[in-house]
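A.B. asks: Next up, input.txt (compact mmCIF, C-alpha atoms and all ligand atoms).
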```
# COMPACT_ATOMS: atom_id res chain seq x y z
CA MET A 1 82.14 95.36 106.38
CA ASN A 2 83.29 95.31 102.77
CA ALA A 3 86.86 96.73 102.57
CA GLU A 4 86.23 98.91 99.54
CA ASP A 5 83.24 100.55 101.21
CA ALA A 6 85.19 101.20 104.40
CA TRP A 7 88.41 102.41 102.78
CA GLY A 8 87.11 104.05 99.60
CA PRO A 9 89.83 105.51 97.37
CA ARG A 10 92.61 104.12 99.58
CA TRP A 11 91.50 100.56 98.80
CA VAL A 12 91.39 101.29 95.09
CA ASN A 13 94.66 103.24 94.84
CA CYS A 14 97.13 101.60 97.22
CA ALA A 15 99.40 99.37 95.16
CA HIS A 16 101.32 97.41 97.79
CA PRO A 17 99.71 94.01 98.51
CA LEU A 18 100.34 94.34 102.26
CA SER A 19 98.35 97.55 102.39
CA HIS A 20 95.35 95.53 101.23
CA GLU A 21 96.15 92.83 103.74
CA PHE A 22 96.13 95.46 106.50
CA MET A 23 92.89 97.05 105.28
CA ARG A 24 91.25 93.62 105.09
CA VAL A 25 92.26 92.74 108.67
CA ALA A 26 91.12 96.18 109.86
CA CYS A 27 87.64 95.50 108.44
CA GLU A 28 87.52 92.07 110.01
CA LYS A 29 88.46 93.43 113.45
CA GLU A 30 86.80 96.85 113.06
CA SER A 31 90.02 98.43 114.28
CA LEU A 32 92.95 100.44 112.93
CA VAL A 33 95.11 99.62 115.96
CA VAL A 34 98.76 98.66 115.64
CA LEU A 35 100.07 97.57 119.02
CA ALA A 36 103.52 98.88 120.02
CA ALA A 37 104.50 95.93 122.22
CA ASP A 38 107.45 97.71 123.84
CA LEU A 39 108.07 95.10 126.52
CA PRO A 40 111.38 93.51 127.51
CA HIS A 41 110.24 89.88 127.83
CA VAL A 42 108.69 87.40 125.43
CA SER A 43 106.33 86.24 128.20
CA GLY A 44 104.88 89.77 128.53
CA ILE A 45 104.46 90.12 124.77
CA LEU A 46 102.69 86.74 124.58
CA GLN A 47 100.32 87.74 127.37
CA LEU A 48 99.56 91.03 125.62
CA ILE A 49 98.83 89.24 122.32
CA GLU A 50 96.48 86.93 124.18
CA ASP A 51 94.73 89.86 125.91
CA VAL A 52 94.34 92.31 123.03
CA GLY A 53 95.10 90.43 119.79
CA ASP A 54 91.46 90.18 118.73
CA CYS A 55 91.19 93.92 118.19
CA VAL A 56 94.72 94.65 116.97
CA CYS A 57 95.69 94.47 113.28
CA ALA A 58 99.48 94.43 113.54
CA LEU A 59 102.06 93.73 116.22
CA LYS A 60 104.84 96.32 116.20
CA THR A 61 108.01 95.18 117.89
CA HIS A 62 111.47 96.41 118.82
CA VAL A 63 113.11 93.02 118.77
CA ASP A 64 116.39 94.42 120.07
CA MET A 65 114.77 95.44 123.39
CA VAL A 66 113.93 91.82 124.28
CA ASP A 67 116.08 90.49 127.11
CA GLY A 68 117.80 87.18 126.47
CA PHE A 69 116.53 87.02 122.88
CA SER A 70 116.45 83.64 121.18
CA MET A 71 114.89 82.76 117.85
CA GLU A 72 113.23 79.79 119.49
CA ASP A 73 111.37 82.04 121.98
CA TRP A 74 110.64 84.63 119.32
CA SER A 75 108.97 82.04 117.12
CA LYS A 76 106.30 81.75 119.84
CA VAL A 77 105.55 85.48 119.43
CA VAL A 78 105.38 85.09 115.66
CA GLU A 79 103.09 82.10 115.93
CA ALA A 80 100.80 83.78 118.50
CA ALA A 81 100.50 86.95 116.41
CA ARG A 82 99.74 84.96 113.26
CA SER A 83 97.14 82.88 115.06
CA LYS A 84 95.38 86.13 116.01
CA GLY A 85 95.53 87.30 112.38
CA MET A 86 98.01 90.10 113.05
CA LEU A 87 100.69 91.39 110.68
CA LEU A 88 104.22 91.44 112.09
CA PHE A 89 105.89 94.84 112.00
CA GLU A 90 109.47 95.33 113.20
CA ASP A 91 110.14 98.98 113.95
CA ARG A 92 113.86 98.67 113.15
CA LYS A 93 114.26 102.20 111.74
CA PHE A 94 117.00 101.18 109.31
CA ALA A 95 119.28 104.05 108.32
CA ASP A 96 122.42 102.65 106.70
CA ILE A 97 123.68 101.97 103.18
CA GLY A 98 121.75 99.36 101.17
CA ARG A 99 124.26 96.52 101.54
CA VAL A 100 124.36 96.86 105.31
CA ALA A 101 120.57 97.09 105.63
CA GLN A 102 120.30 93.85 103.63
CA THR A 103 122.65 92.16 106.11
CA GLN A 104 120.90 93.68 109.14
CA MET A 105 117.63 92.10 107.97
CA GLY A 106 119.35 88.76 108.71
CA GLY A 107 121.70 88.33 111.65
CA MET A 108 120.61 87.08 115.04
CA TYR A 109 117.08 88.53 114.80
CA ASP A 110 116.55 87.34 111.21
CA ILE A 111 113.91 90.03 110.70
CA ARG A 112 113.53 89.12 107.01
CA SER A 113 112.19 85.67 107.95
CA TRP A 114 109.22 86.84 110.05
CA ALA A 115 108.51 90.58 109.63
CA ASP A 116 105.88 91.62 107.07
CA LEU A 117 106.71 95.29 107.54
CA VAL A 118 109.67 97.32 108.76
CA THR A 119 110.38 101.01 109.28
CA SER A 120 113.28 102.81 107.68
CA HIS A 121 114.71 106.29 107.82
CA SER A 122 115.40 107.90 104.47
CA VAL A 123 118.44 109.87 105.62
CA SER A 124 120.89 107.61 103.76
CA GLY A 125 118.98 107.84 100.43
CA PRO A 126 116.88 105.36 98.41
CA ASP A 127 119.26 102.38 98.47
CA VAL A 128 118.36 101.47 102.05
CA VAL A 129 114.92 100.42 100.76
CA ASP A 130 116.46 98.28 98.02
CA GLY A 131 118.70 96.62 100.61
CA ILE A 132 115.69 95.74 102.78
CA ALA A 133 113.75 94.42 99.79
CA ALA A 134 116.76 92.37 98.63
CA ALA A 135 116.83 90.68 102.05
CA TRP A 136 113.17 89.65 101.69
CA ASP A 137 114.00 88.39 98.17
CA ASP A 138 116.81 86.29 99.69
CA VAL A 139 114.24 84.33 101.70
CA GLU A 140 111.55 84.47 99.00
CA ARG A 141 109.22 86.65 101.02
CA VAL A 142 107.47 89.94 100.22
CA GLY A 143 107.40 92.74 102.76
CA GLY A 144 106.64 96.42 102.93
CA VAL A 145 108.63 99.43 104.13
CA LEU A 146 107.23 102.40 106.02
CA LEU A 147 109.50 105.42 105.68
CA LEU A 148 109.68 107.94 108.51
CA ALA A 149 108.34 111.11 106.91
CA GLN A 150 107.59 112.77 110.27
CA MET A 151 108.20 111.91 113.91
CA SER A 152 106.27 112.39 117.13
CA SER A 153 109.27 113.19 119.36
CA SER A 154 109.70 116.83 120.27
CA GLY A 155 112.64 118.62 118.65
CA ASN A 156 113.07 116.04 115.88
CA LEU A 157 114.92 117.12 112.74
CA LEU A 158 112.42 115.87 110.14
CA GLY A 159 111.42 119.28 108.73
CA GLU A 160 109.27 119.90 105.66
CA SER A 161 111.99 119.58 103.04
CA TYR A 162 113.12 116.28 104.61
CA THR A 163 109.52 115.07 104.51
CA ASP A 164 109.20 116.06 100.83
CA ALA A 165 112.46 114.31 99.91
CA THR A 166 111.27 111.20 101.80
CA LEU A 167 108.05 111.17 99.78
CA ASP A 168 110.08 111.38 96.55
CA ILE A 169 111.98 108.26 97.63
CA GLY A 170 108.79 106.50 98.65
CA ARG A 171 106.90 107.26 95.45
CA ALA A 172 109.74 105.88 93.37
CA SER A 173 109.83 102.49 95.12
CA PRO A 174 107.35 99.63 94.81
CA HIS A 175 108.57 98.37 98.20
CA VAL A 176 107.37 101.43 100.12
CA LEU A 177 103.90 100.80 101.49
CA GLY A 178 103.67 104.21 103.09
CA TYR A 179 104.95 106.56 105.75
CA ILE A 180 105.10 107.21 109.45
CA GLY A 181 103.26 110.48 110.16
CA ASN A 182 103.17 112.45 113.41
CA GLY A 183 100.01 111.65 115.37
CA SER A 184 100.52 114.51 117.81
CA SER A 185 99.67 117.08 115.14
CA GLY A 186 96.50 116.93 113.06
CA VAL A 187 97.79 119.84 111.00
CA GLU A 188 101.01 118.02 110.08
CA LEU A 189 99.08 114.86 109.28
CA LYS A 190 96.66 116.71 106.98
CA GLU A 191 99.58 118.30 105.14
CA LEU A 192 101.24 114.91 104.81
CA ARG A 193 98.07 113.29 103.47
CA ALA A 194 97.64 116.07 100.89
CA LYS A 195 101.16 115.36 99.61
CA VAL A 196 100.93 111.56 99.75
CA GLY A 197 97.59 111.32 97.93
CA GLU A 198 95.56 108.10 98.01
CA GLY A 199 98.14 105.59 96.78
CA GLN A 200 100.13 104.97 99.97
CA MET A 201 99.39 104.58 103.66
CA ILE A 202 100.16 106.80 106.64
CA TRP A 203 100.64 105.05 109.98
CA THR A 204 100.65 107.16 113.09
CA PRO A 205 102.42 106.91 116.44
CA GLY A 206 102.13 109.59 119.12
CA VAL A 207 98.47 108.94 119.88
CA ASN A 208 96.79 108.52 123.24
CA LEU A 209 93.19 108.83 124.40
CA SER A 210 94.05 110.55 127.67
CA ALA A 211 97.61 111.91 127.75
CA LYS A 212 99.03 114.88 125.84
CA GLU A 213 102.64 114.01 126.61
CA GLY A 214 104.65 110.91 127.29
CA VAL A 215 108.04 110.53 128.91
CA MET A 216 111.24 111.87 127.34
CA GLY A 217 109.71 114.21 124.79
CA GLN A 218 107.00 111.97 123.35
CA ARG A 219 104.00 114.02 122.19
CA TYR A 220 100.45 112.73 121.78
CA GLY A 221 97.33 113.61 119.83
CA ASN A 222 93.88 112.07 119.77
CA PRO A 223 93.69 108.87 117.69
CA ALA A 224 90.30 109.62 116.10
CA GLU A 225 91.52 113.07 115.05
CA ALA A 226 94.58 111.44 113.49
CA VAL A 227 92.37 109.16 111.39
CA LEU A 228 90.12 112.05 110.38
CA ALA A 229 93.24 113.95 109.33
CA GLY A 230 94.23 111.12 106.99
CA SER A 231 96.02 108.47 109.02
CA ASP A 232 95.28 104.81 108.21
CA ALA A 233 96.65 103.12 111.33
CA ILE A 234 97.14 104.25 114.89
CA ILE A 235 100.26 102.93 116.62
CA VAL A 236 99.52 102.64 120.34
CA GLY A 237 101.99 101.58 123.01
CA THR A 238 101.63 102.78 126.59
CA GLY A 239 97.96 103.69 126.05
CA ILE A 240 97.36 99.92 125.93
CA HIS A 241 100.19 98.03 127.61
CA LYS A 242 100.49 100.41 130.59
CA SER A 243 96.73 100.44 131.11
CA ALA A 244 95.31 98.68 134.18
CA ASP A 245 93.03 96.81 131.78
CA PRO A 246 94.80 96.42 128.41
CA ALA A 247 91.92 94.48 126.82
CA SER A 248 89.33 97.19 127.39
CA ALA A 249 91.84 99.94 126.51
CA ALA A 250 92.55 98.17 123.20
CA ARG A 251 88.81 97.93 122.51
CA GLU A 252 88.46 101.68 123.10
CA TYR A 253 91.29 102.49 120.68
CA ALA A 254 89.79 100.06 118.18
CA SER A 255 86.33 101.57 118.26
CA SER A 256 87.46 105.20 118.20
CA SER A 257 89.76 104.56 115.21
CA TRP A 258 87.19 102.47 113.34
CA GLU A 259 84.38 104.99 113.85
CA ALA A 260 86.68 107.77 112.65
CA LEU A 261 87.44 105.77 109.49
CA LEU A 262 83.74 105.32 108.76
CA GLU A 263 83.14 109.03 109.41
CA ARG A 264 85.99 109.92 107.05
O1 LIG B 301 102.40 104.97 122.47
P1 LIG B 301 103.80 105.03 122.99
O2 LIG B 301 104.29 106.42 123.15
O3 LIG B 301 104.03 104.19 124.20
O4 LIG B 301 104.72 104.30 121.89
C1 LIG B 301 104.91 104.81 120.61
C2 LIG B 301 105.57 103.79 119.72
C3 LIG B 301 107.00 103.42 120.13
C4 LIG B 301 107.90 104.20 119.19
O5 LIG B 301 109.06 103.47 118.82
C5 LIG B 301 107.01 104.42 117.98
O6 LIG B 301 105.67 104.36 118.41
N1 LIG B 301 107.24 105.71 117.27
C6 LIG B 301 107.52 105.72 115.90
C7 LIG B 301 107.31 104.54 115.08
C8 LIG B 301 108.03 104.38 113.85
O7 LIG B 301 106.50 103.74 115.28
C9 LIG B 301 107.85 106.92 115.27
C10 LIG B 301 107.75 108.13 115.99
O8 LIG B 301 107.95 109.21 115.45
N2 LIG B 301 107.39 108.09 117.30
C11 LIG B 301 107.12 106.91 117.95
O9 LIG B 301 106.75 106.95 119.13
O10 LIG B 301 107.15 102.03 119.92
```
Output the file's structure as structure tokens, nothing else.
C.D. replies:
Amino acid sequence: MNAEDAWGPRWVNCAHPLSHEFMRVACEKESLVVLAADLPHVSGILQLIEDVGDCVCALKTHVDMVDGFSMEDWSKVVEAARSKGMLLFEDRKFADIGRVAQTQMGGMYDIRSWADLVTSHSVSGPDVVDGIAAAWDDVERVGGVLLLAQMSSSGNLLGESYTDATLDIGRASPHVLGYIGNGSSGVELKELRAKVGEGQMIWTPGVNLSAKEGVMGQRYGNPAEAVLAGSDAIIVGTGIHKSADPASAAREYASSSWEALLER
């Protein structure tokens, strides 16, 4: 399906080039699924990419949870994800001063060299985003930042005024592709979308087709409801990788999110 028809005003108004890349892949795969590949071994991540990559638009990683990390092994993950046409998204949740964030984009994980997208908190102010962007400049790559405007974990401290201040930072930066919004609450997502407008994306964790709660305070909402409320990507972890049949689970998340987009 033509991306402009599927995405409407979002396609026209989003400025960041990677938002268009994501929307294009979503149309190709008829899916808004971002896979949270929260697994401790490269072999498991590679298997998951093989099993579900055809209906997943981006691979979200926590590279620092991988046992015995080596860049050589990691390059296999990068290559496999690219060969399935997925964007690479490191959920690093940066939160330091700009200079340190720039350095943390390098180091042993060298996130700047392979990630297309990263998450960042806004608690330290706008310079963290400039630090991340400077690191991509250092290796002559372009990437996008998703700022945490809301969270799905119960008892989190990201209240409304924090959300508003985060949006002020995000609007002022060409490097901010959009925001993380809380998928467990359609009401919160709708409010966030009203504030964000059409020019930036909202990506949503805390979604699950069957569970209402996860372990350790994780809260879930329905993925289709999240999309109808204004989310552009559903971030799914255990709903796929803990399923007895990850491939068919991924297909279910893909079709429910895609149908919700068309309905929207
Ligand atoms: O579907 P789950 O609960 O297995 O996994 C949710 C994934 C995890 C979290 O690190 C991430 O989503 N996440 C995030 C982000 C930025 O993606 C923010 C948040 O508020 N809650 C959350 O669960 O990989």
A.B. asks: Can you pull out every residue within 6 Å of stretch 111-124 of chain A, counting only C-alpha atoms, but drop anything in the same chain fewer than 5 positions away, and send it as a PyMOL selection string?
C.D. replies: chain A and resi 88-96+105-106+136+143-148+166
A.B. asks: Store the residues picked out above in a file with C-alpha atoms, as a compact mmCIF listing (two decimals), in the frame of the given file.
C.D. replies:
```txt
# COMPACT_ATOMS: atom_id res chain seq x y z
CA LEU A 88 104.22 91.44 112.09
CA PHE A 89 105.89 94.84 112.00
CA GLU A 90 109.47 95.33 113.20
CA ASP A 91 110.14 98.98 113.95
CA ARG A 92 113.86 98.67 113.15
CA LYS A 93 114.26 102.20 111.74
CA PHE A 94 117.00 101.18 109.31
CA ALA A 95 119.28 104.05 108.32
CA ASP A 96 122.42 102.65 106.70
CA MET A 105 117.63 92.10 107.97
CA GLY A 106 119.35 88.76 108.71
CA TRP A 136 113.17 89.65 101.69
CA GLY A 143 107.40 92.74 102.76
CA GLY A 144 106.64 96.42 102.93
CA VAL A 145 108.63 99.43 104.13
CA LEU A 146 107.23 102.40 106.02
CA LEU A 147 109.50 105.42 105.68
CA LEU A 148 109.68 107.94 108.51
CA THR A 166 111.27 111.20 101.80
```
A.B. asks: Can you check which parts of chain A lie within 10 Å of ligand LIG 301 (chain B)? Per residue, the shortest pair of atoms and distance in Å to one decimal, counting only C-alpha atoms and all ligand atoms, sorted by chain and number, as a tab-separated table.
C.D. replies:
```
residue	atom	partner	partner_atom	distance
A:Val34	CA	B:LIG301	O7	9.3
A:Leu35	CA	B:LIG301	C2	8.3
A:Ala36	CA	B:LIG301	O10	4.8
A:Ala37	CA	B:LIG301	O10	7.0
A:Asp38	CA	B:LIG301	O10	5.8
A:Leu39	CA	B:LIG301	O10	9.6
A:Lys60	CA	B:LIG301	O10	7.2
A:Thr61	CA	B:LIG301	O10	7.2
A:His62	CA	B:LIG301	O10	7.2
A:Phe89	CA	B:LIG301	O7	9.5
A:Glu90	CA	B:LIG301	O7	9.2
A:Asp91	CA	B:LIG301	C8	5.8
A:Arg92	CA	B:LIG301	C8	8.2
A:Lys93	CA	B:LIG301	C8	6.9
A:Val118	CA	B:LIG301	C8	8.9
A:Thr119	CA	B:LIG301	C8	6.1
A:Ser120	CA	B:LIG301	C8	8.3
A:His121	CA	B:LIG301	C8	9.2
A:Leu146	CA	B:LIG301	C8	8.1
A:Leu147	CA	B:LIG301	C8	8.4
A:Leu148	CA	B:LIG301	C8	6.6
A:Ala149	CA	B:LIG301	O8	8.8
A:Gln150	CA	B:LIG301	O8	6.3
A:Met151	CA	B:LIG301	O8	3.1
A:Ser152	CA	B:LIG301	O8	4.0
A:Ser153	CA	B:LIG301	O8	5.7
A:Ser154	CA	B:LIG301	O8	9.2
A:Asn156	CA	B:LIG301	O8	8.5
A:Leu158	CA	B:LIG301	O8	9.6
A:Tyr179	CA	B:LIG301	C8	8.9
A:Ile180	CA	B:LIG301	C8	6.0
A:Gly181	CA	B:LIG301	O8	7.2
A:Asn182	CA	B:LIG301	O8	6.1
A:Gly183	CA	B:LIG301	O8	8.3
A:Ser184	CA	B:LIG301	N2	9.4
A:Trp203	CA	B:LIG301	O7	8.0
A:Thr204	CA	B:LIG301	O7	7.1
A:Pro205	CA	B:LIG301	O6	4.6
A:Gly206	CA	B:LIG301	O9	5.3
A:Val207	CA	B:LIG301	O1	6.2
A:Asn208	CA	B:LIG301	O1	6.7
A:Ala211	CA	B:LIG301	O2	9.8
A:Glu213	CA	B:LIG301	O2	8.5
A:Gly214	CA	B:LIG301	O2	6.1
A:Val215	CA	B:LIG301	O2	8.0
A:Met216	CA	B:LIG301	O2	9.8
A:Gly217	CA	B:LIG301	O2	9.6
A:Gln218	CA	B:LIG301	O2	6.2
A:Arg219	CA	B:LIG301	O2	7.7
A:Tyr220	CA	B:LIG301	O2	7.5
A:Ile234	CA	B:LIG301	O6	9.2
A:Ile235	CA	B:LIG301	O6	5.9
A:Val236	CA	B:LIG301	O1	4.3
A:Gly237	CA	B:LIG301	O1	3.5
A:Thr238	CA	B:LIG301	O3	3.7
A:Gly239	CA	B:LIG301	O1	5.8
A:Ile240	CA	B:LIG301	O1	7.9
A:His241	CA	B:LIG301	O3	8.0
A:Lys242	CA	B:LIG301	O3	8.2
```
A.B. asks: Just give me the gap between atom CA of A:Ser257 and atom CA of A:Ser83 in Å, one decimal is fine.
C.D. replies: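 Computing it gives 22.9 Å between the two atoms.
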A.B. asks: Counting all atoms listed in the file, which residue out of A:Ile202, A:Leu87, A:Val52, A:Ala260 sits closest to A:Asp245?
C.D. replies: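 Of the candidates, the smallest distance to A:Asp245 is held by A:Val52.
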A.B. asks: Between A:Ala101, A:Leu157, A:Leu192, A:Cys57, single out the one closest to A:Val33, counting all atoms listed in the file.
C.D. replies: A:Cys57
A.B. asks: To one decimal in Å, tell me the separation between atom CA of A:Lys29 and atom CA of A:Trp7.
C.D. replies: 13.9 Å
A.B. asks: A:Gln200: which residues within 7 Å, counting all atoms listed in the file, same-chain residues fewer than 4 positions away excluded, as a compact mmCIF listing (two decimals) with C-alpha atoms, in the frame of the given file?
C.D. replies:
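Output (around_26.txt):
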```txt
# COMPACT_ATOMS: atom_id res chain seq x y z
CA CYS A 14 97.13 101.60 97.22
CA LEU A 177 103.90 100.80 101.49
CA GLY A 178 103.67 104.21 103.09
CA VAL A 196 100.93 111.56 99.75
```
A.B. asks: Rounded to one decimal in Å, what is the spacing between atom CA of A:Val42 and atom CA of A:Glu28?
C.D. replies: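 Result for atom CA of A:Val42 versus atom CA of A:Glu28: 26.6 Å, one decimal.
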A.B. asks: Considering all atoms listed in the file, state which residue in the set A:Arg141, A:Lys212, A:Lys195, A:Lys190 is at the smallest distance from A:Asp164.
C.D. replies: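 Looking only at the distances to A:Asp164, the closest residue turns out to be A:Lys195.
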A.B. asks: Could you put an axis-aligned box around every listed atom of stretch 35-53 of chain A, padded by 8 Å on each side, and send me its centre and edge lengths in Å to one decimal, as lines of an AutoDock Vina configuration file?
C.D. replies:
```
center_x = 102.9
center_y = 92.6
center_z = 123.8
size_x = 33.0
size_y = 28.6
size_z = 25.5
```
A.B. asks: Looking at all atoms listed in the file, which of A:Trp11, A:Ile132, A:Glu4, A:Ala80 is the one that sits closest to A:Gln104?
C.D. replies: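 Answer, going by the shortest atom-to-atom distance: A:Ile132.
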A.B. asks: Here is a test: counting all atoms listed in the file, which residue of A:Leu46, A:Leu209, A:Leu167, A:Leu18 is nearest to A:Tyr253?
C.D. replies: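 When distances to A:Tyr253 are compared using all atoms listed in the file, the smallest one comes from A:Leu209.
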A.B. asks: Which one is closest to A:Met86: A:Glu50, A:Glu252, A:Glu72, A:Asp5? Count only C-alpha atoms.
C.D. replies: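 The shortest atom-to-atom distance to A:Met86 comes from A:Glu50.
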